[in-house]
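**Q** So I've got this file, structure.cif, and it contains mmCIF, C-alpha atoms:
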```cif
data_model
loop_
_atom_site.label_atom_id
_atom_site.label_comp_id
_atom_site.auth_asym_id
_atom_site.auth_seq_id
_atom_site.Cartn_x
_atom_site.Cartn_y
_atom_site.Cartn_z
CA MET A 1 -0.43 -35.52 10.49
CA ILE A 2 1.20 -37.12 13.52
CA ASP A 3 5.00 -37.36 13.44
CA ILE A 4 5.99 -40.99 12.79
CA ASN A 5 9.00 -40.47 15.08
CA LEU A 6 6.61 -39.75 17.96
CA ILE A 7 4.68 -42.95 17.26
CA ARG A 8 7.95 -44.91 17.21
CA SER A 9 9.21 -43.42 20.46
CA ASP A 10 5.94 -43.28 22.43
CA LYS A 11 3.34 -45.57 20.93
CA ALA A 12 1.48 -45.94 24.24
CA GLY A 13 1.35 -42.18 24.76
CA VAL A 14 -0.02 -41.57 21.27
CA ALA A 15 -2.62 -44.32 21.70
CA ALA A 16 -3.70 -42.87 25.06
CA ALA A 17 -4.03 -39.36 23.61
CA LEU A 18 -6.14 -40.59 20.71
CA ALA A 19 -8.26 -42.63 23.11
CA LYS A 20 -9.34 -39.34 24.73
CA ARG A 21 -11.19 -38.74 21.47
CA GLY A 22 -12.77 -42.18 21.64
CA TYR A 23 -10.50 -43.20 18.77
CA THR A 24 -8.86 -46.64 18.73
CA ALA A 25 -5.64 -46.35 16.76
CA GLU A 26 -4.10 -49.26 14.84
CA LEU A 27 -0.57 -48.11 15.57
CA ASP A 28 1.05 -51.57 15.35
CA GLY A 29 0.13 -51.77 11.67
CA ILE A 30 1.59 -48.32 11.08
CA LEU A 31 4.82 -49.27 12.86
CA ASP A 32 5.01 -52.53 10.85
CA LEU A 33 4.76 -50.54 7.62
CA ASP A 34 7.37 -48.09 8.87
CA ALA A 35 9.73 -50.94 9.76
CA ALA A 36 9.20 -52.55 6.35
CA ARG A 37 9.86 -49.19 4.68
CA ARG A 38 13.14 -48.71 6.52
CA GLU A 39 14.21 -52.29 5.83
CA ILE A 40 13.60 -51.89 2.09
CA ILE A 41 15.45 -48.57 2.06
CA GLY A 42 18.42 -50.25 3.77
CA LYS A 43 18.47 -53.16 1.31
CA THR A 44 18.08 -50.84 -1.66
CA GLU A 45 20.98 -48.68 -0.51
CA ALA A 46 23.10 -51.83 -0.13
CA LEU A 47 22.16 -52.93 -3.66
CA LYS A 48 23.04 -49.51 -5.06
CA ALA A 49 26.40 -49.60 -3.27
CA GLU A 50 27.08 -53.06 -4.70
CA LYS A 51 26.11 -51.90 -8.20
CA ASN A 52 28.47 -48.94 -7.92
CA LYS A 53 31.29 -51.21 -6.74
CA VAL A 54 30.76 -53.68 -9.60
CA SER A 55 30.51 -50.82 -12.09
CA ALA A 56 33.81 -49.42 -10.85
CA ASP A 57 35.54 -52.72 -11.73
CA ILE A 58 34.63 -52.51 -15.43
CA PRO A 59 37.39 -50.09 -16.56
CA ARG A 60 40.06 -52.19 -14.78
CA MET A 61 38.74 -55.42 -16.28
CA LYS A 62 38.64 -53.95 -19.78
CA LYS A 63 42.19 -52.69 -19.40
CA ASN A 64 43.32 -56.18 -18.38
CA GLY A 65 41.45 -57.77 -21.27
CA GLU A 66 39.02 -59.60 -19.02
CA ASP A 67 35.51 -60.61 -20.08
CA VAL A 68 33.09 -57.96 -18.74
CA GLN A 69 29.87 -59.63 -19.91
CA PRO A 70 29.30 -61.42 -16.56
CA VAL A 71 29.70 -58.05 -14.84
CA PHE A 72 27.08 -56.46 -17.11
CA ALA A 73 24.74 -59.36 -16.38
CA LYS A 74 25.31 -58.89 -12.66
CA MET A 75 24.58 -55.16 -12.99
CA ARG A 76 21.34 -55.92 -14.86
CA GLU A 77 20.33 -58.34 -12.14
CA ILE A 78 21.07 -55.79 -9.40
CA GLY A 79 19.23 -53.11 -11.40
CA GLU A 80 16.14 -55.31 -11.61
CA GLN A 81 16.30 -55.92 -7.86
CA ILE A 82 16.57 -52.18 -7.23
CA SER A 83 13.57 -51.49 -9.49
CA ALA A 84 11.51 -54.14 -7.73
CA SER A 85 12.51 -52.72 -4.34
CA ASP A 86 11.63 -49.17 -5.43
CA GLU A 87 8.21 -50.32 -6.61
CA LYS A 88 7.59 -52.18 -3.37
CA LEU A 89 8.83 -49.19 -1.38
CA LYS A 90 6.39 -46.85 -3.14
CA THR A 91 3.49 -49.18 -2.36
CA ILE A 92 4.44 -49.36 1.31
CA GLU A 93 5.08 -45.62 1.57
CA ASP A 94 1.71 -44.84 -0.03
CA GLU A 95 -0.07 -47.14 2.43
CA LEU A 96 1.87 -45.74 5.38
CA ARG A 97 1.12 -42.15 4.38
CA HIS A 98 -2.58 -42.94 3.90
CA ASN A 99 -2.78 -44.50 7.36
CA LEU A 100 -1.00 -41.54 8.93
CA LEU A 101 -3.25 -39.09 7.10
CA CYS A 102 -6.31 -40.83 8.52
CA LEU A 103 -5.19 -40.42 12.12
CA PRO A 104 -6.80 -37.47 13.92
CA ASN A 105 -4.70 -34.89 15.72
CA LEU A 106 -3.50 -35.46 19.27
CA PRO A 107 -5.50 -33.37 21.76
CA ASP A 108 -3.49 -31.06 23.99
CA ALA A 109 -2.62 -32.49 27.41
CA ASP A 110 -5.10 -30.23 29.25
CA VAL A 111 -8.02 -31.18 26.98
CA VAL A 112 -10.26 -33.62 28.84
CA ALA A 113 -11.41 -36.93 27.43
CA GLY A 114 -14.91 -37.67 26.20
CA GLY A 115 -17.57 -36.04 24.07
CA LYS A 116 -19.70 -32.90 24.34
CA GLU A 117 -21.03 -34.05 27.70
CA ASN A 118 -17.60 -33.13 29.09
CA ASN A 119 -17.40 -29.67 27.50
CA ALA A 120 -16.74 -27.00 30.12
CA VAL A 121 -18.27 -23.50 30.16
CA ILE A 122 -15.45 -21.11 31.07
CA LYS A 123 -17.14 -17.76 30.53
CA ILE A 124 -20.64 -16.29 30.35
CA TYR A 125 -21.20 -12.81 28.92
CA GLY A 126 -24.24 -10.77 29.86
CA GLU A 127 -27.62 -11.92 31.08
CA LYS A 128 -30.23 -13.93 29.25
CA PRO A 129 -32.63 -11.36 27.82
CA SER A 130 -36.03 -11.29 29.53
CA PHE A 131 -39.27 -10.18 27.88
CA ASP A 132 -42.57 -8.99 29.32
CA PHE A 133 -44.44 -10.07 26.20
CA PRO A 134 -44.84 -13.32 24.22
CA ILE A 135 -41.70 -13.64 22.12
CA LYS A 136 -41.49 -14.66 18.48
CA ASN A 137 -38.89 -16.96 17.02
CA HIS A 138 -36.47 -15.72 14.36
CA VAL A 139 -38.40 -17.38 11.52
CA GLU A 140 -41.57 -15.47 12.42
CA LEU A 141 -39.65 -12.22 12.88
CA CYS A 142 -37.66 -12.55 9.65
CA GLU A 143 -40.82 -13.35 7.68
CA SER A 144 -42.95 -10.59 9.22
CA LEU A 145 -40.21 -7.99 8.70
CA LYS A 146 -39.49 -9.34 5.19
CA LEU A 147 -35.84 -10.01 5.99
CA ILE A 148 -35.73 -13.62 4.79
CA ASP A 149 -37.80 -15.46 2.19
CA TYR A 150 -37.57 -19.09 3.26
CA GLU A 151 -40.18 -20.44 0.84
CA ARG A 152 -38.54 -19.01 -2.28
CA GLY A 153 -35.10 -19.98 -0.99
CA VAL A 154 -36.25 -23.60 -0.87
CA LYS A 155 -37.79 -23.19 -4.31
CA LEU A 156 -34.43 -22.06 -5.69
CA ALA A 157 -32.13 -24.55 -3.96
CA GLY A 158 -34.09 -27.02 -1.80
CA ASN A 159 -34.21 -27.59 1.95
CA GLY A 160 -31.48 -25.94 3.98
CA SER A 161 -31.56 -22.80 1.82
CA TRP A 162 -32.96 -19.29 2.26
CA LEU A 163 -33.12 -15.96 0.46
CA TYR A 164 -32.02 -12.68 2.06
CA THR A 165 -34.27 -9.88 0.84
CA GLY A 166 -34.29 -6.10 1.26
CA ARG A 167 -33.28 -5.10 4.75
CA GLY A 168 -32.36 -8.70 5.55
CA ALA A 169 -29.66 -8.55 2.89
CA VAL A 170 -28.57 -5.16 4.26
CA ILE A 171 -28.24 -6.56 7.81
CA GLU A 172 -26.29 -9.55 6.52
CA TRP A 173 -23.91 -7.23 4.68
CA ALA A 174 -23.72 -4.95 7.72
CA LEU A 175 -22.52 -7.87 9.84
CA LEU A 176 -19.85 -8.73 7.28
CA ASN A 177 -18.74 -5.09 7.12
CA TYR A 178 -18.53 -4.92 10.91
CA PHE A 179 -16.39 -8.06 11.04
CA ILE A 180 -14.15 -6.98 8.17
CA LYS A 181 -13.63 -3.47 9.50
CA THR A 182 -12.64 -4.88 12.92
CA HIS A 183 -10.11 -7.35 11.53
CA ILE A 184 -8.46 -4.77 9.29
CA THR A 185 -8.20 -2.41 12.27
CA ASP A 186 -6.54 -5.25 14.22
CA GLY A 187 -3.86 -5.63 11.55
CA TYR A 188 -5.08 -8.77 9.80
CA THR A 189 -4.64 -9.17 6.03
CA PHE A 190 -7.89 -9.45 4.07
CA VAL A 191 -7.98 -12.36 1.59
CA LEU A 192 -10.67 -13.31 -0.94
CA PRO A 193 -9.77 -16.91 -1.88
CA PRO A 194 -11.19 -19.14 -4.62
CA HIS A 195 -14.35 -21.00 -3.61
CA MET A 196 -13.45 -24.06 -5.70
CA LEU A 197 -10.32 -25.71 -4.33
CA ASN A 198 -8.07 -28.55 -5.42
CA TYR A 199 -7.77 -31.85 -3.59
CA GLU A 200 -4.48 -30.87 -1.97
CA CYS A 201 -6.25 -28.13 0.01
CA GLY A 202 -8.59 -30.64 1.63
CA LEU A 203 -5.64 -32.93 2.32
CA GLY A 204 -3.52 -30.16 3.82
CA ALA A 205 -6.33 -28.87 6.04
CA GLY A 206 -6.97 -32.38 7.39
CA GLN A 207 -10.44 -32.89 5.91
CA PHE A 208 -9.25 -35.47 3.36
CA PRO A 209 -9.01 -38.37 2.89
CA LYS A 210 -11.27 -39.36 5.78
CA PHE A 211 -14.04 -36.78 5.29
CA GLU A 212 -14.15 -36.49 1.50
CA ASP A 213 -17.85 -37.31 1.43
CA ASP A 214 -18.71 -34.29 3.59
CA VAL A 215 -17.95 -31.74 0.84
CA TYR A 216 -19.53 -30.83 -2.49
CA ARG A 217 -17.19 -32.24 -5.13
CA VAL A 218 -17.01 -30.63 -8.56
CA ASP A 219 -16.35 -32.18 -11.95
CA THR A 220 -14.45 -29.87 -14.29
CA ALA A 221 -13.64 -30.17 -17.97
CA GLU A 222 -9.93 -30.60 -17.31
CA ASP A 223 -10.37 -32.86 -14.29
CA GLY A 224 -12.89 -35.61 -14.83
CA ALA A 225 -11.84 -37.36 -11.61
CA ALA A 226 -13.75 -34.81 -9.49
CA ARG A 227 -10.67 -33.82 -7.53
CA ARG A 228 -11.98 -30.32 -6.83
CA PHE A 229 -14.53 -29.26 -4.27
CA MET A 230 -16.40 -26.26 -2.89
CA LEU A 231 -14.80 -24.95 0.26
CA PRO A 232 -16.64 -25.86 3.47
CA THR A 233 -14.85 -23.01 5.28
CA ALA A 234 -12.25 -20.41 4.29
CA GLU A 235 -9.84 -22.09 6.72
CA THR A 236 -9.37 -24.81 4.10
CA ALA A 237 -7.95 -22.23 1.70
CA LEU A 238 -6.11 -20.01 4.16
CA VAL A 239 -4.03 -22.74 5.84
CA ASN A 240 -2.86 -23.85 2.39
CA ILE A 241 -1.68 -20.46 1.14
CA TYR A 242 1.87 -21.21 2.26
CA ARG A 243 1.74 -24.92 1.39
CA GLY A 244 5.18 -26.23 0.42
CA GLU A 245 6.90 -23.00 1.48
CA ILE A 246 9.52 -22.13 4.09
CA LEU A 247 8.68 -18.86 5.84
CA GLU A 248 11.17 -16.66 7.66
CA GLU A 249 10.62 -16.33 11.40
CA LYS A 250 11.02 -12.55 11.17
CA ASP A 251 7.97 -12.41 8.87
CA MET A 252 5.74 -14.28 11.32
CA PRO A 253 3.07 -14.54 12.54
CA LYS A 254 0.95 -14.40 9.42
CA LYS A 255 -2.46 -12.99 10.39
CA LEU A 256 -5.11 -13.52 7.72
CA PHE A 257 -8.87 -13.35 7.41
CA ALA A 258 -11.25 -14.12 4.57
CA TYR A 259 -14.90 -13.67 3.72
CA THR A 260 -16.56 -16.51 1.81
CA PRO A 261 -19.81 -18.35 1.57
CA CYS A 262 -19.32 -21.82 3.06
CA TYR A 263 -20.75 -24.89 1.37
CA ARG A 264 -21.71 -27.82 3.59
CA LYS A 265 -23.11 -31.07 2.27
CA GLU A 266 -24.67 -32.02 5.58
CA ALA A 267 -27.33 -29.49 6.54
CA GLY A 268 -28.44 -31.59 9.49
CA SER A 269 -31.94 -32.43 10.56
CA TYR A 270 -35.04 -30.34 10.25
CA ARG A 271 -36.05 -30.47 13.89
CA ALA A 272 -37.37 -27.38 15.60
CA GLU A 273 -33.90 -26.49 16.84
CA GLU A 274 -32.54 -26.52 13.28
CA ARG A 275 -35.29 -24.38 11.76
CA GLY A 276 -34.77 -21.29 9.67
CA MET A 277 -31.14 -20.28 9.25
CA ILE A 278 -29.69 -22.28 12.14
CA ARG A 279 -28.26 -24.92 9.81
CA GLY A 280 -27.95 -24.79 6.04
CA HIS A 281 -26.04 -25.90 2.96
CA GLN A 282 -24.64 -22.41 2.31
CA PHE A 283 -23.91 -19.63 4.76
CA ASP A 284 -21.64 -16.60 5.05
CA LYS A 285 -18.62 -16.57 7.33
CA VAL A 286 -15.56 -14.48 8.02
CA GLU A 287 -12.67 -16.73 9.03
CA MET A 288 -9.47 -15.80 10.86
CA VAL A 289 -6.22 -17.77 10.54
CA GLN A 290 -2.81 -17.36 12.10
CA VAL A 291 0.39 -19.08 10.99
CA THR A 292 2.86 -18.92 13.87
CA THR A 293 5.98 -20.41 15.36
CA PRO A 294 5.39 -23.07 18.04
CA ASP A 295 6.55 -20.63 20.74
CA SER A 296 3.87 -18.09 19.71
CA SER A 297 1.08 -20.63 19.30
CA LYS A 298 -0.51 -20.33 22.74
CA ALA A 299 -0.61 -16.51 22.62
CA ALA A 300 -2.09 -16.62 19.11
CA PHE A 301 -4.88 -18.89 20.34
CA GLU A 302 -5.76 -16.52 23.17
CA GLU A 303 -5.75 -13.61 20.72
CA LEU A 304 -8.16 -15.34 18.36
CA VAL A 305 -10.49 -16.29 21.22
CA GLY A 306 -10.43 -12.71 22.45
CA LYS A 307 -11.19 -11.32 18.99
CA ALA A 308 -14.13 -13.65 18.41
CA CYS A 309 -15.57 -12.88 21.86
CA ALA A 310 -15.15 -9.15 21.30
CA LEU A 311 -17.17 -9.29 18.07
CA VAL A 312 -20.12 -10.95 19.82
CA GLU A 313 -19.83 -8.58 22.78
CA GLY A 314 -19.77 -5.64 20.37
CA LEU A 315 -23.16 -6.82 19.13
CA GLY A 316 -24.43 -6.88 22.72
CA LEU A 317 -25.45 -10.54 22.55
CA HIS A 318 -25.60 -12.88 25.52
CA TYR A 319 -23.29 -15.87 24.95
CA ARG A 320 -21.13 -18.44 26.66
CA LEU A 321 -17.60 -19.63 25.92
CA SER A 322 -16.99 -23.39 26.15
CA LYS A 323 -13.80 -25.44 26.11
CA LEU A 324 -14.48 -28.59 24.13
CA ALA A 325 -13.60 -32.09 25.27
CA ALA A 326 -11.30 -34.12 23.03
CA GLY A 327 -14.10 -36.07 21.38
CA ASP A 328 -15.96 -32.91 20.41
CA CYS A 329 -12.96 -31.24 18.74
CA SER A 330 -12.73 -31.67 14.99
CA ALA A 331 -10.25 -34.28 13.80
CA SER A 332 -7.56 -31.78 12.81
CA MET A 333 -7.58 -29.75 16.02
CA ALA A 334 -5.64 -30.16 19.27
CA ARG A 335 -7.90 -27.76 21.19
CA THR A 336 -11.09 -25.81 20.50
CA TYR A 337 -13.16 -23.16 22.27
CA ASP A 338 -16.72 -22.54 21.06
CA ILE A 339 -18.61 -19.27 21.36
CA GLU A 340 -22.32 -20.04 21.67
CA VAL A 341 -25.07 -17.42 21.48
CA TRP A 342 -28.40 -17.68 23.25
CA ILE A 343 -31.46 -18.29 21.05
CA PRO A 344 -34.42 -17.29 23.30
CA SER A 345 -37.18 -19.09 21.41
CA MET A 346 -35.27 -22.38 21.54
CA GLY A 347 -33.94 -21.97 25.07
CA ILE A 348 -30.52 -23.21 23.94
CA TYR A 349 -27.10 -21.90 22.97
CA LYS A 350 -25.85 -22.24 19.39
CA GLU A 351 -22.25 -22.08 18.25
CA VAL A 352 -21.30 -19.02 16.15
CA SER A 353 -17.53 -19.37 16.35
CA SER A 354 -15.03 -22.15 16.91
CA VAL A 355 -11.46 -21.13 17.68
CA SER A 356 -8.96 -23.94 17.30
CA ASN A 357 -5.26 -24.72 17.33
CA ALA A 358 -4.00 -27.49 15.04
CA ASN A 359 -0.42 -27.20 16.34
CA ASP A 360 1.80 -28.67 13.58
CA TYR A 361 -0.79 -31.22 12.38
CA GLN A 362 -1.83 -29.29 9.25
CA ALA A 363 1.70 -28.02 8.60
CA ARG A 364 3.07 -31.57 8.43
CA ARG A 365 0.37 -32.46 5.90
CA ASN A 366 0.96 -29.46 3.66
CA MET A 367 4.69 -28.99 4.34
CA THR A 368 4.51 -25.44 5.67
CA ARG A 369 7.71 -24.70 7.55
CA TYR A 370 9.73 -21.78 8.87
CA ARG A 371 13.40 -20.90 9.27
CA ASP A 372 14.44 -19.45 12.61
CA GLY A 373 17.18 -16.90 13.25
CA ASN A 374 19.78 -19.66 13.49
CA GLY A 375 18.81 -21.19 10.17
CA LYS A 376 17.03 -24.17 11.73
CA ILE A 377 13.90 -25.31 9.86
CA GLY A 378 10.78 -26.53 11.65
CA TYR A 379 7.04 -26.84 11.15
CA VAL A 380 4.74 -23.89 11.75
CA HIS A 381 1.59 -23.99 13.88
CA THR A 382 -1.76 -23.10 12.31
CA LEU A 383 -4.78 -21.70 14.13
CA ASN A 384 -8.22 -20.67 12.98
CA GLY A 385 -11.33 -19.02 14.34
CA SER A 386 -14.69 -17.92 12.97
CA GLY A 387 -14.93 -14.18 13.11
CA LEU A 388 -17.89 -14.70 12.68
CA ALA A 389 -20.48 -16.93 10.96
CA THR A 390 -23.66 -14.95 10.26
CA SER A 391 -26.34 -17.62 9.90
CA ARG A 392 -26.78 -17.94 13.67
CA ILE A 393 -25.77 -14.41 14.61
CA LEU A 394 -28.67 -12.91 12.65
CA PRO A 395 -31.28 -15.15 14.35
CA ALA A 396 -29.74 -14.31 17.72
CA ILE A 397 -29.94 -10.58 16.96
CA VAL A 398 -33.57 -10.56 15.86
CA GLU A 399 -34.62 -12.71 18.83
CA GLN A 400 -32.58 -11.00 21.54
CA TYR A 401 -33.37 -7.50 20.21
CA GLN A 402 -37.08 -8.02 19.44
CA ASN A 403 -39.65 -5.54 20.72
CA ARG A 404 -43.26 -5.88 21.80
CA ASN A 405 -44.58 -4.39 18.54
CA GLY A 406 -42.71 -6.95 16.42
CA SER A 407 -39.88 -4.60 15.47
CA VAL A 408 -36.20 -5.34 16.04
CA THR A 409 -33.68 -2.87 17.44
CA VAL A 410 -30.47 -2.76 15.42
CA PRO A 411 -27.27 -3.27 17.48
CA GLU A 412 -25.41 0.00 17.74
CA VAL A 413 -22.27 -1.22 15.92
CA LEU A 414 -24.36 -2.09 12.84
CA ARG A 415 -26.32 1.15 12.55
CA GLU A 416 -23.75 2.95 10.41
CA PHE A 417 -24.08 0.13 7.86
CA VAL A 418 -27.86 -0.48 8.17
CA GLY A 419 -28.86 3.18 8.21
CA THR A 420 -31.55 2.87 10.88
CA ASP A 421 -31.93 2.16 14.60
CA VAL A 422 -34.98 -0.07 14.33
CA ILE A 423 -36.28 -2.53 11.72
CA LYS A 424 -40.09 -2.43 11.63
#
```
Show this structure as C-alpha cells.
**A**
Amino acid sequence: MIDINLIRSDKAGVAAALAKRGYTAELDGILDLDAARREIIGKTEALKAEKNKVSADIPRMKKNGEDVQPVFAKMREIGEQISASDEKLKTIEDELRHNLLCLPNLPDADVVAGGKENNAVIKIYGEKPSFDFPIKNHVELCESLKLIDYERGVKLAGNGSWLYTGRGAVIEWALLNYFIKTHITDGYTFVLPPHMLNYECGLGAGQFPKFEDDVYRVDTAEDGAARRFMLPTAETALVNIYRGEILEEKDMPKKLFAYTPCYRKEAGSYRAEERGMIRGHQFDKVEMVQVTTPDSSKAAFEELVGKACALVEGLGLHYRLSKLAAGDCSASMARTYDIEVWIPSMGIYKEVSSVSNANDYQARRNMTRYRDGNGKIGYVHTLNGSGLATSRILPAIVEQYQNRNGSVTVPEVLREFVGTDVIK
C-alpha cells in the first residue's frame, strides 16, 4: 500500500511513477477522501472537547441548585452528532482504504517504463544446446519415457493438469530435494504453510482486493462467505507470517523458504507454446522470502537473484536473466528479475523464477514492522523469489539433456536423488 503522506506531499511524483506501469491513478479522489477524513476527525475532536467541558459544569450547577436538564439535553445532542460523525468517518475511511489498497506499488526509480517489450536481458548463462539429430519436444519425451501421463491427468482434473508417474515423479521429487537441500545449507528456515489461506493473507500480499478472481476460492462450513482461498504461491503465506507483529532489528533478516503446490485459476491458452507442463492449474514450487530492514533490502534482492541463478546453473541449463519493465512487474512489486530457461523445441525462453522486491508495500498492508536499536519503529521490506518452480524446469531438462536414442541424461546434482545417470 502506498503511504498516504507520500501522495499528499508528492502527488505528481506518485502519478508519474504509476504511469510507468501504464496505470492512470485517480489520486485527486483519494486526496479528497483524505481531506474529508481529517476534517471529520477535527470536528469530532472539537465536539468531544465541548462535551467534556459541558459535562464538567454539571457538578458545579448541581451544587448551586441550578437546573441541569438543559445541559443533559445538550450532551445528548452533542453525543448524537459525535455518533453521526463516527459513522460517516468509518464510511470515508473504508472507501479511502479500499482505494489505496487497489493502487499498485511504485516501481523503483531505475525500473524503466513500459511493458515486456522494454524488458532488458542482463545476463546469459551457457550456450543454447545444439543437436545433430532431430529433437523431440518435452511432451513426446515425457510420454515415451513414461514420466508424465497427460491423458489421465486431464481425465482426473481437466485441461491444464498432468500426472507424474514412476521415474517422472522421482525426478520431480529430486528437483524439490535439490532445492530444499540448497536452501537449508544457505541458512534459510524451511516452512510448510497451510494451502488454504484466509482473506487477510491475500490482502496483505497485495493480491486482494483487485485480483480476487484470479484465485480458487473455498467455501467452508464455518465461513459461508467464501473468504478463504487456495494459495497461488507460497509467498502469499510467507509474507503474512509476521502480520501485525513488530520484529526486533537484531533478529533480522528473516530468511524463509517453503515448498507447496501452487493453485492458479488461469492456466492460460493451449497454444503450442503452452503445451504439456508449461502452464497449468497446479504445479510445484519452492519459494524464498526475506523480511528485512530497508537498509538491507537491496543486498537481500541481490542474494535472492544469486540463489535462484545458482540453482539453474547447478542443473547445467542454458538461461537468461531479465530485468522487467514497470508494466511487466506484478502489481505488488517495485522491481523484478526473471530467470528464463531455454526450451529448444519451442525456440523460446520460459520463466522459471521471478525475484522481486516489494519494498514496504506489503508491510504497510499487513502491518509488519520492526524496532531498531534506538527504539524507533518502521515498516519492514519484503522480498520473494522462486527457488524454483518445477513445471518448466523439468521440460527444460528433458529437452536440453535429450540424447539421440530418446533417452535423457540426468543432471549431475539430481543423480543422488534419482539413482541413475540416464533415463531410458
**Q** Give me the result of the PyMOL selection byres ((chain A and resi 360-367) around 9) on this file, residue by residue, as JSON, numbers by chain.
**A** {"A": [1, 2, 3, 101, 104, 105, 106, 200, 201, 203, 204, 205, 206, 239, 240, 242, 243, 244, 245, 246, 294, 332, 333, 334, 357, 358, 359, 368, 369, 379, 380, 381, 382]}
**Q** Would you save the residues of that selection, restricted to C-alpha atoms, as a PDB file, keeping the file's coordinate frame?
**A**
```
ATOM      1  CA  MET A   1      -0.430 -35.520  10.490  1.00  0.00           C
ATOM      2  CA  ILE A   2       1.200 -37.120  13.520  1.00  0.00           C
ATOM      3  CA  ASP A   3       5.000 -37.360  13.440  1.00  0.00           C
ATOM      4  CA  LEU A 101      -3.250 -39.090   7.100  1.00  0.00           C
ATOM      5  CA  PRO A 104      -6.800 -37.470  13.920  1.00  0.00           C
ATOM      6  CA  ASN A 105      -4.700 -34.890  15.720  1.00  0.00           C
ATOM      7  CA  LEU A 106      -3.500 -35.460  19.270  1.00  0.00           C
ATOM      8  CA  GLU A 200      -4.480 -30.870  -1.970  1.00  0.00           C
ATOM      9  CA  CYS A 201      -6.250 -28.130   0.010  1.00  0.00           C
ATOM     10  CA  LEU A 203      -5.640 -32.930   2.320  1.00  0.00           C
ATOM     11  CA  GLY A 204      -3.520 -30.160   3.820  1.00  0.00           C
ATOM     12  CA  ALA A 205      -6.330 -28.870   6.040  1.00  0.00           C
ATOM     13  CA  GLY A 206      -6.970 -32.380   7.390  1.00  0.00           C
ATOM     14  CA  VAL A 239      -4.030 -22.740   5.840  1.00  0.00           C
ATOM     15  CA  ASN A 240      -2.860 -23.850   2.390  1.00  0.00           C
ATOM     16  CA  TYR A 242       1.870 -21.210   2.260  1.00  0.00           C
ATOM     17  CA  ARG A 243       1.740 -24.920   1.390  1.00  0.00           C
ATOM     18  CA  GLY A 244       5.180 -26.230   0.420  1.00  0.00           C
ATOM     19  CA  GLU A 245       6.900 -23.000   1.480  1.00  0.00           C
ATOM     20  CA  ILE A 246       9.520 -22.130   4.090  1.00  0.00           C
ATOM     21  CA  PRO A 294       5.390 -23.070  18.040  1.00  0.00           C
ATOM     22  CA  SER A 332      -7.560 -31.780  12.810  1.00  0.00           C
ATOM     23  CA  MET A 333      -7.580 -29.750  16.020  1.00  0.00           C
ATOM     24  CA  ALA A 334      -5.640 -30.160  19.270  1.00  0.00           C
ATOM     25  CA  ASN A 357      -5.260 -24.720  17.330  1.00  0.00           C
ATOM     26  CA  ALA A 358      -4.000 -27.490  15.040  1.00  0.00           C
ATOM     27  CA  ASN A 359      -0.420 -27.200  16.340  1.00  0.00           C
ATOM     28  CA  THR A 368       4.510 -25.440   5.670  1.00  0.00           C
ATOM     29  CA  ARG A 369       7.710 -24.700   7.550  1.00  0.00           C
ATOM     30  CA  TYR A 379       7.040 -26.840  11.150  1.00  0.00           C
ATOM     31  CA  VAL A 380       4.740 -23.890  11.750  1.00  0.00           C
ATOM     32  CA  HIS A 381       1.590 -23.990  13.880  1.00  0.00           C
ATOM     33  CA  THR A 382      -1.760 -23.100  12.310  1.00  0.00           C
TER      34      THR A 382
END
```
**Q** Between atom CA of Leu141 of chain A and atom CA of Ser322 of chain A, measure the distance and give it in Å to one decimal.
**A** 28.5 Å
**Q** Could you expand the PyMOL selection byres ((chain A and resi 229) around 6) into the explicit residues it covers here, written as a PDB file with C-alpha atoms, in the coordinates of the input?
**A**
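Saved file out_15.pdb follows:
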```
ATOM      1  CA  MET A 196     -13.450 -24.060  -5.700  1.00  0.00           C
ATOM      2  CA  LEU A 197     -10.320 -25.710  -4.330  1.00  0.00           C
ATOM      3  CA  TYR A 216     -19.530 -30.830  -2.490  1.00  0.00           C
ATOM      4  CA  ARG A 217     -17.190 -32.240  -5.130  1.00  0.00           C
ATOM      5  CA  VAL A 218     -17.010 -30.630  -8.560  1.00  0.00           C
ATOM      6  CA  ARG A 228     -11.980 -30.320  -6.830  1.00  0.00           C
ATOM      7  CA  MET A 230     -16.400 -26.260  -2.890  1.00  0.00           C
TER       8      MET A 230
END
```
**Q** Tell me, as a list of chain:residue names, which residues lie within 12 Å of Tyr125 of chain A, counting only C-alpha atoms; anything in the same chain fewer than 6 positions away does not count.
**A**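 My reading of the contact set: A:Cys309, A:Ala310, A:Val312, A:Glu313, A:Gly314, A:Leu315, A:Gly316, A:Leu317, A:His318, A:Tyr319, A:Arg320, A:Leu321, A:Ser322, A:Ile339, A:Glu340, A:Val341, A:Trp342.
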**Q** Output C-alpha atoms for every residue in the selection just made, as a JSON list (two decimals), in the coordinates of the input.
**A**
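Result written to out_8.json:
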```json
[["chain", "number", "residue", "atom", "x", "y", "z"],
["A", 309, "CYS", "CA", -15.57, -12.88, 21.86],
["A", 310, "ALA", "CA", -15.15, -9.15, 21.30],
["A", 312, "VAL", "CA", -20.12, -10.95, 19.82],
["A", 313, "GLU", "CA", -19.83, -8.58, 22.78],
["A", 314, "GLY", "CA", -19.77, -5.64, 20.37],
["A", 315, "LEU", "CA", -23.16, -6.82, 19.13],
["A", 316, "GLY", "CA", -24.43, -6.88, 22.72],
["A", 317, "LEU", "CA", -25.45, -10.54, 22.55],
["A", 318, "HIS", "CA", -25.60, -12.88, 25.52],
["A", 319, "TYR", "CA", -23.29, -15.87, 24.95],
["A", 320, "ARG", "CA", -21.13, -18.44, 26.66],
["A", 321, "LEU", "CA", -17.60, -19.63, 25.92],
["A", 322, "SER", "CA", -16.99, -23.39, 26.15],
["A", 339, "ILE", "CA", -18.61, -19.27, 21.36],
["A", 340, "GLU", "CA", -22.32, -20.04, 21.67],
["A", 341, "VAL", "CA", -25.07, -17.42, 21.48],
["A", 342, "TRP", "CA", -28.40, -17.68, 23.25]]
```
**Q** For atom CA of Leu311 of chain A and atom CA of Trp162 of chain A, quote the distance in Å rounded to one decimal.
**A**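 Spanning atom CA of Leu311 of chain A to atom CA of Trp162 of chain A is a straight-line distance of 24.5 Å.
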**Q** What do you get, as a list in words, if you spell out every residue that the PyMOL selection byres ((chain A and resi 144-159) around 9) selects here?
**A**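 Taken on the displayed file, the PyMOL selection byres ((chain A and resi 144-159) around 9) yields the residues Val139, Glu140, Leu141, Cys142, Glu143, Gly160, Ser161, Trp162, Leu163, Tyr164, Thr165, Gly166, Arg167, Gly168, Ala169, Val170, Ile171, Ala267, Tyr270, Gly276, Met277, Gly280, His281, Gly406, Ser407, Val408, Ile423 and Lys424 of chain A.
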